[in-house]
Structures are given as structure tokens and as C-alpha cells.
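Source file final.cif; content: mmCIF, C-alpha atoms.
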data_coords
#
loop_
_atom_site.label_atom_id
_atom_site.label_comp_id
_atom_site.auth_asym_id
_atom_site.auth_seq_id
_atom_site.Cartn_x
_atom_site.Cartn_y
_atom_site.Cartn_z
CA MET A 1351 0.00 0.00 0.00
CA LYS A 1352 1.32 3.42 -0.90
CA THR A 1353 1.06 5.87 1.96
CA CYS A 1354 1.96 9.18 0.46
CA PHE A 1355 0.46 12.63 0.61
CA CYS A 1356 -0.54 13.03 -2.99
CA LYS A 1357 -3.85 14.25 -4.26
CA VAL A 1358 -6.00 11.32 -5.30
CA GLN A 1359 -5.11 10.48 -8.93
CA ARG A 1360 -2.24 12.97 -8.77
CA MET A 1361 0.16 10.10 -8.15
CA VAL A 1362 3.25 10.06 -10.32
CA ARG A 1363 6.77 8.71 -10.30
CA GLY A 1364 8.92 8.37 -7.21
CA LEU A 1365 6.29 8.55 -4.47
CA LEU A 1366 7.89 8.03 -1.11
CA PRO A 1367 6.33 6.29 1.88
CA VAL A 1368 5.16 8.43 4.75
CA CYS A 1369 5.29 7.39 8.36
CA LEU A 1370 2.48 8.44 10.69
CA PHE A 1371 3.39 11.12 13.14
CA SER A 1372 1.29 12.29 16.07
CA LEU A 1373 0.10 15.84 15.81
CA LEU A 1374 2.20 18.33 17.70
CA PRO A 1375 0.72 21.21 19.70
CA PHE A 1376 -0.02 24.33 17.71
CA PHE A 1377 2.14 27.24 18.83
CA CYS A 1378 1.60 30.86 17.83
CA SER A 1379 4.19 33.56 18.26
CA CYS A 1380 4.41 37.28 18.03
CA SER A 1381 7.06 38.88 15.88
CA THR A 1382 9.89 40.41 17.88
CA THR A 1383 13.35 41.69 17.20
CA LYS A 1384 14.95 39.00 19.41
CA LYS A 1385 16.77 36.08 17.92
CA SER A 1386 14.80 32.88 17.77
CA GLN A 1387 15.73 30.25 20.32
CA GLN A 1388 15.62 27.66 17.53
CA ASN A 1389 18.24 29.22 15.30
CA SER A 1390 20.34 32.36 15.02
CA GLN A 1391 18.12 34.08 12.47
CA PRO A 1392 16.84 37.44 13.76
CA VAL A 1393 13.07 37.47 14.05
CA VAL A 1394 11.43 39.94 11.66
CA SER A 1395 9.27 42.60 13.32
CA ILE A 1396 6.94 43.03 10.32
CA GLU A 1397 3.68 41.23 11.06
CA PHE A 1398 1.58 39.29 8.62
CA ASN A 1399 -2.12 40.15 9.07
CA ALA A 1400 -4.14 36.92 9.10
CA ASP A 1401 -7.41 38.87 9.40
CA SER A 1402 -6.62 40.58 6.11
CA ALA A 1403 -5.74 37.27 4.45
CA TYR A 1404 -8.94 35.72 5.76
CA ALA A 1405 -10.92 38.62 4.26
CA PHE A 1406 -9.20 38.02 0.92
CA CYS A 1407 -10.34 34.38 1.08
CA ALA A 1408 -13.90 35.50 1.82
CA ALA A 1409 -13.85 37.96 -1.08
CA GLN A 1410 -12.91 35.22 -3.53
CA CYS A 1411 -15.58 32.89 -2.16
CA SER A 1412 -18.19 35.64 -2.42
CA PHE A 1413 -18.17 35.08 -6.20
CA GLY A 1414 -19.08 31.43 -5.66
CA PRO A 1415 -17.04 28.45 -6.89
CA ARG A 1416 -14.50 29.74 -9.43
CA THR A 1417 -14.89 26.80 -11.77
CA MET A 1418 -13.55 27.00 -15.30
CA ASN A 1419 -15.70 28.83 -17.90
CA SER A 1420 -18.06 30.24 -15.24
CA ASP A 1421 -19.12 33.83 -14.56
CA ALA A 1422 -17.71 33.55 -11.04
CA HIS A 1423 -14.35 32.57 -12.54
CA GLU A 1424 -14.26 35.68 -14.74
CA GLN A 1425 -15.43 38.01 -11.96
CA CYS A 1426 -12.82 36.70 -9.55
CA SER A 1427 -10.11 37.07 -12.17
CA ASP A 1428 -10.95 40.76 -12.53
CA TRP A 1429 -10.93 41.19 -8.75
CA ILE A 1430 -7.53 39.51 -8.28
CA GLN A 1431 -6.00 41.66 -11.00
CA LYS A 1432 -7.46 44.80 -9.44
CA LYS A 1433 -6.04 43.97 -6.00
CA PHE A 1434 -2.52 43.39 -7.28
CA ARG A 1435 -2.66 46.66 -9.20
CA GLU A 1436 -3.79 48.44 -6.01
CA TYR A 1437 -0.56 47.25 -4.41
CA GLY A 1438 1.61 48.65 -7.18
CA TYR A 1439 2.10 45.54 -9.29
CA GLN A 1440 2.14 45.41 -13.07
CA VAL A 1441 -0.42 42.79 -14.05
CA GLN A 1442 -0.41 40.73 -17.21
CA THR A 1443 -2.82 37.95 -18.07
CA GLN A 1444 -1.78 34.88 -20.01
CA LYS A 1445 -4.84 33.56 -21.84
CA ALA A 1446 -4.96 30.05 -23.18
CA ASP A 1447 -7.52 27.58 -24.51
CA LEU A 1448 -6.63 24.35 -22.75
CA LYS A 1449 -8.17 20.90 -23.08
CA GLY A 1450 -9.48 19.13 -20.02
CA TYR A 1451 -9.08 15.40 -19.51
CA ASP A 1452 -12.52 14.91 -21.10
CA GLY A 1453 -11.89 17.20 -24.07
CA THR A 1454 -13.67 20.19 -22.53
CA LEU A 1455 -12.24 23.48 -23.82
CA LEU A 1456 -11.12 25.47 -20.79
CA LYS A 1457 -10.78 29.25 -21.11
CA ALA A 1458 -7.81 29.65 -18.80
CA THR A 1459 -6.19 32.81 -17.45
CA ASN A 1460 -2.87 32.83 -15.65
CA ILE A 1461 -2.49 36.09 -13.72
CA ILE A 1462 1.08 37.38 -13.47
CA ALA A 1463 1.77 40.26 -11.06
CA SER A 1464 5.22 41.68 -11.64
CA ALA A 1465 6.97 43.92 -9.11
CA SER A 1466 7.91 47.31 -10.43
CA VAL A 1467 11.19 48.69 -9.13
CA PRO A 1468 11.68 52.33 -10.20
CA ASN A 1469 15.22 53.69 -10.12
CA ALA A 1470 16.48 50.22 -9.34
CA SER A 1471 20.12 51.07 -10.06
CA ALA A 1472 20.12 54.04 -7.73
CA SER A 1473 18.41 52.18 -4.89
CA GLY A 1474 20.52 49.06 -5.13
CA SER A 1475 17.44 46.92 -5.77
CA SER A 1476 18.91 45.88 -9.09
CA HIS A 1477 21.16 43.49 -7.21
CA LEU A 1478 18.39 41.74 -5.32
CA PRO A 1479 17.46 38.23 -6.46
CA ARG A 1480 14.06 37.97 -8.11
CA ILE A 1481 11.70 35.17 -7.11
CA PHE A 1482 8.03 34.41 -7.47
CA ILE A 1483 5.35 33.02 -5.20
CA CYS A 1484 2.45 31.20 -6.82
CA ALA A 1485 -0.87 29.47 -6.15
CA HIS A 1486 -3.78 28.23 -8.20
CA TRP A 1487 -6.97 30.28 -8.13
CA ASP A 1488 -9.56 28.03 -9.82
CA SER A 1489 -12.04 25.79 -7.97
CA ARG A 1490 -12.48 22.04 -8.32
CA PRO A 1491 -15.65 21.51 -10.40
CA TRP A 1492 -16.54 18.28 -8.61
CA ALA A 1493 -16.59 17.43 -4.89
CA ASP A 1494 -15.52 13.91 -5.79
CA ASN A 1495 -13.94 13.12 -2.42
CA ASP A 1496 -17.04 14.07 -0.43
CA PRO A 1497 -18.22 11.33 1.97
CA ASP A 1498 -21.72 11.80 0.52
CA GLU A 1499 -21.63 10.45 -3.03
CA SER A 1500 -24.65 12.62 -3.95
CA ASN A 1501 -22.32 15.64 -3.68
CA TRP A 1502 -19.69 14.33 -6.07
CA ARG A 1503 -20.83 16.38 -9.06
CA LYS A 1504 -21.29 19.59 -7.10
CA PRO A 1505 -18.60 22.29 -7.38
CA VAL A 1506 -16.20 22.99 -4.53
CA MET A 1507 -16.15 26.44 -2.94
CA ALA A 1508 -12.37 26.05 -2.58
CA ALA A 1509 -11.83 28.36 0.36
CA ASN A 1510 -8.70 26.40 1.26
CA ASP A 1511 -7.87 24.58 -1.99
CA GLY A 1512 -7.38 27.71 -4.05
CA ALA A 1513 -8.46 30.87 -2.26
CA SER A 1514 -6.10 30.54 0.72
CA GLY A 1515 -2.93 30.60 -1.38
CA VAL A 1516 -4.07 33.63 -3.37
CA ALA A 1517 -5.09 35.37 -0.14
CA VAL A 1518 -1.66 34.91 1.43
CA MET A 1519 -0.05 36.27 -1.75
CA LEU A 1520 -2.28 39.35 -1.74
CA GLU A 1521 -1.46 40.10 1.88
CA LEU A 1522 2.24 39.69 1.12
CA ALA A 1523 1.88 42.06 -1.83
CA ARG A 1524 0.25 44.62 0.49
CA LEU A 1525 3.13 44.32 2.98
CA LEU A 1526 5.77 44.54 0.28
CA GLN A 1527 4.21 47.80 -0.90
CA GLN A 1528 4.47 49.20 2.63
CA HIS A 1529 8.00 48.02 3.44
CA ASP A 1530 11.01 48.43 1.18
CA SER A 1531 13.43 46.29 3.19
CA ALA A 1532 12.69 42.94 1.53
CA GLN A 1533 15.75 40.98 0.47
CA TYR A 1534 14.07 39.80 -2.73
CA VAL A 1535 12.11 41.29 -5.58
CA VAL A 1536 8.91 39.27 -5.45
CA ASP A 1537 6.52 38.54 -8.31
CA PHE A 1538 3.26 36.61 -7.92
CA ILE A 1539 1.62 34.15 -10.30
CA CYS A 1540 -1.93 32.84 -10.02
CA PHE A 1541 -2.14 29.64 -12.04
CA ASP A 1542 -5.46 28.63 -13.58
CA ALA A 1543 -6.96 25.23 -14.50
CA GLU A 1544 -5.07 23.40 -11.78
CA ASP A 1545 -8.00 21.42 -10.45
CA TRP A 1546 -9.64 19.95 -13.60
CA GLY A 1547 -7.86 16.63 -13.04
CA VAL A 1548 -9.53 13.28 -13.67
CA PRO A 1549 -12.38 12.75 -11.15
CA GLN A 1550 -12.45 9.66 -8.99
CA TRP A 1551 -15.49 8.15 -10.69
CA GLU A 1552 -13.48 7.77 -13.92
CA ASP A 1553 -11.32 5.10 -12.26
CA THR A 1554 -8.27 6.19 -14.25
CA ALA A 1555 -5.23 8.29 -13.45
CA ASP A 1556 -3.64 10.95 -15.65
CA ALA A 1557 -1.04 13.15 -13.96
CA ASP A 1558 -1.03 15.54 -16.92
CA SER A 1559 -4.72 16.34 -16.43
CA TRP A 1560 -3.79 18.48 -13.40
CA ALA A 1561 -1.94 21.82 -13.27
CA LEU A 1562 -2.85 22.74 -16.84
CA GLY A 1563 -2.27 26.46 -16.38
CA ALA A 1564 1.13 25.91 -14.80
CA GLN A 1565 2.08 23.51 -17.58
CA TYR A 1566 1.18 26.14 -20.17
CA TRP A 1567 3.09 28.87 -18.33
CA ALA A 1568 6.17 26.69 -17.90
CA LYS A 1569 6.26 25.69 -21.57
CA ASN A 1570 6.11 29.35 -22.60
CA TYR A 1571 8.38 30.82 -19.91
CA GLN A 1572 10.93 33.29 -21.23
CA GLY A 1573 11.99 35.11 -18.07
CA PRO A 1574 10.57 37.65 -15.61
CA LEU A 1575 8.33 40.26 -17.19
CA ASP A 1576 10.22 43.12 -15.53
CA GLN A 1577 14.00 42.93 -15.91
CA SER A 1578 14.62 46.29 -14.22
CA ALA A 1579 15.28 44.68 -10.84
CA VAL A 1580 17.66 42.02 -12.12
CA SER A 1581 21.33 42.74 -12.40
CA PRO A 1582 22.28 42.75 -16.10
CA SER A 1583 25.72 41.42 -15.19
CA SER A 1584 24.25 38.24 -13.77
CA SER A 1585 24.23 35.10 -15.88
CA ASP A 1586 20.81 34.44 -14.38
CA ALA A 1587 19.43 37.83 -15.44
CA GLN A 1588 16.71 36.23 -17.51
CA ARG A 1589 15.58 33.82 -14.80
CA TYR A 1590 13.94 33.66 -11.44
CA GLN A 1591 16.23 32.43 -8.67
CA PHE A 1592 13.55 30.22 -7.16
CA ALA A 1593 9.81 29.96 -6.58
CA ILE A 1594 7.41 28.93 -3.81
CA LEU A 1595 4.02 27.34 -4.43
CA LEU A 1596 1.23 27.74 -1.85
CA ASP A 1597 -1.49 25.11 -1.95
CA MET A 1598 -4.09 24.63 0.79
CA VAL A 1599 -2.46 26.92 3.36
CA GLY A 1600 -5.50 27.79 5.48
CA GLY A 1601 -6.94 24.50 6.73
CA GLN A 1602 -7.88 23.90 10.35
CA GLY A 1603 -5.05 22.25 12.25
CA ALA A 1604 -2.90 21.94 9.13
CA LYS A 1605 0.75 20.90 9.20
CA PHE A 1606 3.31 21.25 6.43
CA TYR A 1607 5.81 18.49 5.71
CA ARG A 1608 8.79 18.64 3.36
CA GLU A 1609 7.34 17.50 0.03
CA SER A 1610 9.53 15.05 -1.91
CA TYR A 1611 9.60 16.72 -5.35
CA SER A 1612 10.52 19.97 -3.59
CA LEU A 1613 13.40 18.17 -1.90
CA HIS A 1614 14.49 16.57 -5.16
CA TYR A 1615 14.55 19.77 -7.20
CA ALA A 1616 15.07 22.52 -4.62
CA SER A 1617 16.23 21.13 -1.28
CA ALA A 1618 18.15 24.31 -0.43
CA ILE A 1619 14.93 26.34 -0.77
CA VAL A 1620 13.06 23.87 1.43
CA ASP A 1621 15.77 24.36 4.04
CA LYS A 1622 15.47 28.15 3.77
CA VAL A 1623 11.72 28.11 4.29
CA TRP A 1624 11.75 25.63 7.15
CA ARG A 1625 14.50 27.64 8.89
CA ALA A 1626 12.37 30.75 8.49
CA ALA A 1627 9.39 28.92 9.99
CA ALA A 1628 11.45 27.89 13.00
CA ALA A 1629 12.75 31.42 13.46
CA ALA A 1630 9.22 32.84 13.27
CA GLY A 1631 8.05 30.37 15.92
CA TYR A 1632 6.19 27.93 13.67
CA GLY A 1633 8.52 24.96 13.74
CA SER A 1634 5.70 22.78 15.06
CA ILE A 1635 3.56 23.65 12.02
CA PHE A 1636 6.34 23.26 9.46
CA VAL A 1637 7.27 19.73 10.47
CA ASN A 1638 10.89 18.86 9.85
CA LYS A 1639 9.99 15.49 8.35
CA GLU A 1640 9.75 14.34 4.76
CA GLY A 1641 6.40 13.56 3.20
CA GLY A 1642 5.47 12.03 -0.14
CA GLY A 1643 5.36 13.54 -3.61
CA VAL A 1644 2.48 15.60 -4.99
CA THR A 1645 1.67 16.28 -8.62
CA ASP A 1646 1.08 20.01 -8.33
CA ASP A 1647 1.89 23.28 -10.06
CA HIS A 1648 5.51 23.15 -8.90
CA VAL A 1649 6.26 20.07 -11.01
CA PRO A 1650 6.09 21.80 -14.44
CA VAL A 1651 7.83 24.85 -12.98
CA ASN A 1652 10.74 22.58 -12.04
CA GLU A 1653 10.71 20.19 -14.98
CA GLN A 1654 9.74 22.46 -17.88
CA ALA A 1655 10.75 25.99 -16.83
CA HIS A 1656 13.75 24.63 -14.86
CA ILE A 1657 13.16 27.02 -11.96
CA PRO A 1658 13.76 25.53 -8.49
CA CYS A 1659 10.28 25.54 -6.93
CA ILE A 1660 8.99 24.09 -3.69
CA ASP A 1661 5.45 23.26 -2.61
CA ILE A 1662 4.09 24.38 0.76
CA ILE A 1663 1.08 22.07 0.99
CA ASN A 1664 -0.89 20.75 3.94
CA HIS A 1665 -0.54 17.17 5.12
CA TYR A 1666 -2.76 15.27 7.57
CA PRO A 1667 -1.01 11.91 8.10
CA ASP A 1668 -3.72 10.59 10.44
CA CYS A 1669 -6.80 11.68 8.47
CA VAL A 1670 -8.65 8.61 7.19
CA GLN A 1671 -10.65 10.49 4.56
CA SER A 1672 -7.63 12.11 2.88
CA SER A 1673 -4.07 13.00 3.78
CA PHE A 1674 -5.01 16.44 2.44
CA GLY A 1675 -7.52 16.80 5.24
CA PRO A 1676 -11.23 16.16 5.75
CA THR A 1677 -12.47 19.00 3.52
CA TRP A 1678 -10.30 18.29 0.46
CA HIS A 1679 -12.46 18.10 -2.68
CA THR A 1680 -15.66 18.15 -0.63
CA VAL A 1681 -18.51 20.62 -0.29
CA SER A 1682 -17.10 21.43 3.17
CA ASP A 1683 -14.10 23.30 1.75
CA ASP A 1684 -15.68 26.60 2.78
CA MET A 1685 -14.97 29.63 4.95
CA GLN A 1686 -16.25 27.85 8.07
CA HIS A 1687 -13.37 25.39 7.83
CA LEU A 1688 -10.56 27.91 7.43
CA ASP A 1689 -8.20 28.71 10.30
CA LYS A 1690 -6.61 32.13 10.69
CA ASN A 1691 -3.85 30.50 12.76
CA THR A 1692 -2.78 28.46 9.74
CA LEU A 1693 -2.84 31.50 7.47
CA GLN A 1694 -0.75 33.32 10.08
CA ALA A 1695 1.81 30.52 10.30
CA VAL A 1696 2.35 30.38 6.54
CA GLY A 1697 2.23 34.13 6.02
CA GLN A 1698 4.60 34.96 8.87
CA THR A 1699 7.02 32.29 7.72
CA LEU A 1700 7.18 33.91 4.29
CA VAL A 1701 7.56 37.38 5.82
CA GLN A 1702 10.47 35.98 7.85
CA LEU A 1703 12.02 34.57 4.69
CA LEU A 1704 11.56 37.67 2.55
CA PHE A 1705 12.74 40.25 5.06
CA SER A 1706 15.47 38.46 7.02
CA GLU A 1707 18.15 37.17 4.66
#

Serialized structure, C-alpha cells:
Amino acid sequence: MKTCFCKVQRMVRGLLPVCLFSLLPFFCSCSTTKKSQQNSQPVVSIEFNADSAYAFCAAQCSFGPRTMNSDAHEQCSDWIQKKFREYGYQVQTQKADLKGYDGTLLKATNIIASASVPNASASGSSHLPRIFICAHWDSRPWADNDPDESNWRKPVMAANDGASGVAVMLELARLLQQHDSAQYVVDFICFDAEDWGVPQWEDTADADSWALGAQYWAKNYQGPLDQSAVSPSSSDAQRYQFAILLDMVGGQGAKFYRESYSLHYASAIVDKVWRAAAAAGYGSIFVNKEGGGVTDDHVPVNEQAHIPCIDIINHYPDCVQSSFGPTWHTVSDDMQHLDKNTLQAVGQTLVQLLFSE
């Protein structure tokens, strides 16, 4: 029996076994200027606002399920673009007609928010490494893991599996606009058509039916949209240094294990993020144990765009219904099952990473 934390029917090569670990107590911490007791990294005083991130989740869900080709999908796209522009980002959409596993034509939109760095040479920002943080923003069209089979063909609200990652990115964009001390130039990408993968009732598996928007982006990647913040003398001037994928980062009682594809392609970035989590006081949430492999948006980013990318994704090793938690691909993936403490843990970890190195 394979015991790995992979989305059902997202199972691909090299899945590693996962041992069962008892849940550790959930610890919260306030940002201070003291050094963390867990490592020597100074603790960043800038605070991630989980209330704001939670509100961004609610705003996305207010449109309804953002399933492909729906009015809610188009309305939410406009809203996400507007929010990134409010925070000073240049926004470009990458439109594509993609084919679902069943031949359905999917009108996909990848949303790319590029940081603008005026007078980069004068400010020294031109020498900062450029990275991107990403998440998918579409909703699963079928609640095919719901315990009630009558719900299987209902759409998922996707408060956690979609909206939470975008919400954390928007709050980070707001903070980056307010504070100019970040050690990276940070772009954001919202990938579309991630969750149109083969439903469970088909009794088949097709890894390529997932992450369609990320696959399209990776195949067409030619470098960051804004080169002003990248040193022209660098051999990597046309490339991102690394990327971080956020997937299901708001679930109740969630923990985050070190995902195996992330370790294979970008172990140094995994180490960076988990050190930041420990410094920020969330070492019990970012568990320093390896989990299994997940077919997710980070796979094409690594394998096709050749950008080191890790996946911060929840893992419930003791959940019978799914190792992605009890609400994954069910009608219960709604605002009532989000946890601000989880949003805080992920958001503050990323603030620690971006502003401390």
C-alpha cells in the first residue's frame, strides 16, 4: 500500500512512503526583534495580518465556486487583478484555450503580477534576487472526495484549496508595498486550470490532467516580465532564482511536511523556508519530516521551466478520509473550515524569509 500525501489520482513517479506522526501542539508567536531560540536568524518585526488574508479568502468565495468557464471565474479574475494593481504591481494575463481530460475546452487565465522597481540602479534593488510566489486560483468543479456520493458532481467552494494561497499572496503584496526592506524582488503568479484533473469516478489516473495552467506557463516561460530589478551582469538575469508554491495553506489544524519533489529539485529552498518557519516560531507547524510527492503546479515549474520551486502544501497523516484533510475536494471546503492561525503561520514564515536574509 502506498502511503503518500498526494492528491488522489495525482500520483506520479517516485512517491515516497510516509510514516504516521502524532500531531504536535499548535504554537503561535508574536514577531519580535529578538533572535529565535531555535536558530540564530533574527526574528522579523513586520507582522503578517491573518485577518486581512482571511478577508481576501472570503472575497474570492463571495463570487461562488470559481470553476472553469463560469461567470464567477471571470469576476474573480478581474478582482484579483485589481487587487494586485492596487498594491503597485504590473499585471499581465496569459490567456490560453486548454483541453481538459474529457476534451472540454477550458478558457484559462494565468495572472502574473510583476513587481515594479523604479530607479532600481540608484536604490541598489537591481542586485536583489528575483523570485516568485504562486498558487492556483480556480475551484475544483466536482466534490468527488465528499463522503456523501450525492455531492460528487457539485462544485467545490475552494476556500482552502485555491483561495487561501491567493489570499496569502495578496497580503504579502500589500506588505511589500508598505516596506522596502525585503531581500528579494517578489513577483506573484496565479495559475489557472489546476484542479480539472480526472475525477475519482473515472477510475483512471492521468497526472497531466492536473496543473494545466502551470504547464502552459512553464512551456512558454521566457523570463521575468520586468527585468529592471535584475542585475544585467548576472548570468541568471533572464531567470527567477527560485519559486514557492502555496497550496491549501488555510486549513484547520494543518501541518506542512517537506514534500519530496521539492526536496528533489530545490532542497536548499526547502531548508530556507523551514529555517524561516522555525525562526518565526512555527517549527511545530512546518514539520521537519519528509512527506510524499504531490503532482502540483511546482512540477512543471521545475521540470519544464527549470526554476527551483517548492510546494508548501498541507498534510494530515492521520486523516482517514484524505491526507489532504477532511475537507479536500468536498462541499465542506468553505470559509467555516478555514483557520486564521494556519494563514498566520504560513504568512509569517514567508515574511520571515523575505525580510530576514

Polymer residues at most 8 Å from Asp1542 (chain A), all atoms listed in the file, same-chain spacing of 2 or more positions, as a PyMOL selection string: chain A and resi 1458-1460+1486-1488+1540+1544+1561-1564

Spatial neighbours of Ile1462 (chain A), 9 Å, only C-alpha atoms, chain gap at least 5 places, as number ranges by chain: A: 1431, 1440-1444, 1537-1541, 1575

Nearest-residue call for His1423 (chain A), choices A:Gln1550, A:Gln1591, A:Ser1489, A:Ser1466, using all atoms listed in the file: A:Ser1489

Region 1592-1623 of chain A residues near region 1513-1528 of chain A within 9 Å, closest pair each, using all atoms listed in the file, as JSON lines:
{"residue": "A:Leu1595", "atom": "CA", "partner": "A:Gly1515", "partner_atom": "CA", "distance": 8.3}
{"residue": "A:Leu1596", "atom": "CA", "partner": "A:Gly1515", "partner_atom": "CA", "distance": 5.1}
{"residue": "A:Asp1597", "atom": "CA", "partner": "A:Gly1515", "partner_atom": "CA", "distance": 5.7}
{"residue": "A:Met1598", "atom": "CA", "partner": "A:Ser1514", "partner_atom": "CA", "distance": 6.2}
{"residue": "A:Val1599", "atom": "CA", "partner": "A:Ser1514", "partner_atom": "CA", "distance": 5.8}
{"residue": "A:Gly1600", "atom": "CA", "partner": "A:Ser1514", "partner_atom": "CA", "distance": 5.5}
{"residue": "A:Gly1601", "atom": "CA", "partner": "A:Ser1514", "partner_atom": "CA", "distance": 8.6}

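Closest to Ser1464 (chain A) among A:Asn1399, A:Pro1574, A:Thr1554, A:Ala1543 is A:Pro1574, based on only C-alpha atoms.
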
Within 10 Å of file point (0.0, 33.2, 10.5), counting only C-alpha atoms, expressed as a PyMOL selection string: chain A and resi 1378-1380+1397-1401+1403+1518+1599-1600+1630+1632+1689-1701

Two-atom distance - CA of Ala1465 (chain A), CA of Val1536 (chain A) (Å):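 Separation between CA of Ala1465 (chain A) and CA of Val1536 (chain A): 6.2 Å.
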
Hits from the PyMOL selection byres ((chain A and resi 1479) around 8), listed as a PyMOL selection string: chain A and resi 1477-1478+1480-1481+1533-1535+1580+1590-1591

Shortest interatomic distance to Trp1624 (chain A) - which of A:Asp1661, A:Asp1668, A:Asp1511, A:Glu1653, counting all atoms listed in the file: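 Of A:Asp1661, A:Asp1668, A:Asp1511, A:Glu1653, the one nearest Trp1624 (chain A), counting all atoms listed in the file, is A:Asp1661.
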
Computed interatomic separation between CA of Arg1625 (chain A) and CA of Asp1530 (chain A) (Å):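 CA of Asp1530 (chain A) lies 22.4 Å from CA of Arg1625 (chain A).
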
Ground truth for the PyMOL selection byres ((chain A and resi 1492) around 7), written as a list in words: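 Listing what the PyMOL selection byres ((chain A and resi 1492) around 7) selects in the shown file: Arg1490, Pro1491, Ala1493, Asp1494, Trp1502, Arg1503, Lys1504, Pro1505 and Val1506 of chain A.
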
Atomic distance CA of Ile1430 (chain A) - CA of Arg1608 (chain A), expressed in Å with one decimal: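 Result for CA of Ile1430 (chain A) versus CA of Arg1608 (chain A): 28.9 Å, one decimal.
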
Pro1497 (chain A) surroundings by all atoms listed in the file, 12 Å radius, close-in-sequence under 3 positions cut, as a PyMOL selection string: chain A and resi 1493-1494+1500-1502+1670-1672+1676-1682

Residues within 6 Å of Asn1664 (chain A), only C-alpha atoms, excluding chain neighbours under 5 positions, as a list of chain:residue names: A:Met1598, A:Ala1604, A:Lys1605, A:Phe1606

Enclosing box along x, y and z for every listed atom of region 1675-1690 of chain A, padded 5 Å each side, centre and size in Å, one decimal, as AutoDock Vina command-line options:
--center_x -12.6 --center_y 24.1 --center_z 4.0 --size_x 21.9 --size_y 26.0 --size_z 23.4

Nearest candidate to Lys1639 (chain A) (options A:Ala1627, A:Glu1609, A:Lys1445, A:Ile1660; using all atoms listed in the file):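 Among the listed residues, A:Glu1609 lies closest to Lys1639 (chain A).
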
Residue with smallest distance to Pro1667 (chain A) - pool A:Ile1483, A:Pro1415, A:Tyr1607, A:Cys1426, counting only C-alpha atoms: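 Residue with the minimum atom-to-atom distance to Pro1667 (chain A): A:Tyr1607.
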
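Take the candidates A:Ser1531, A:Gly1641, A:Ala1446, A:Gln1702 and check each one against Lys1622 (chain A) using only C-alpha atoms; the shortest distance goes to A:Gln1702.
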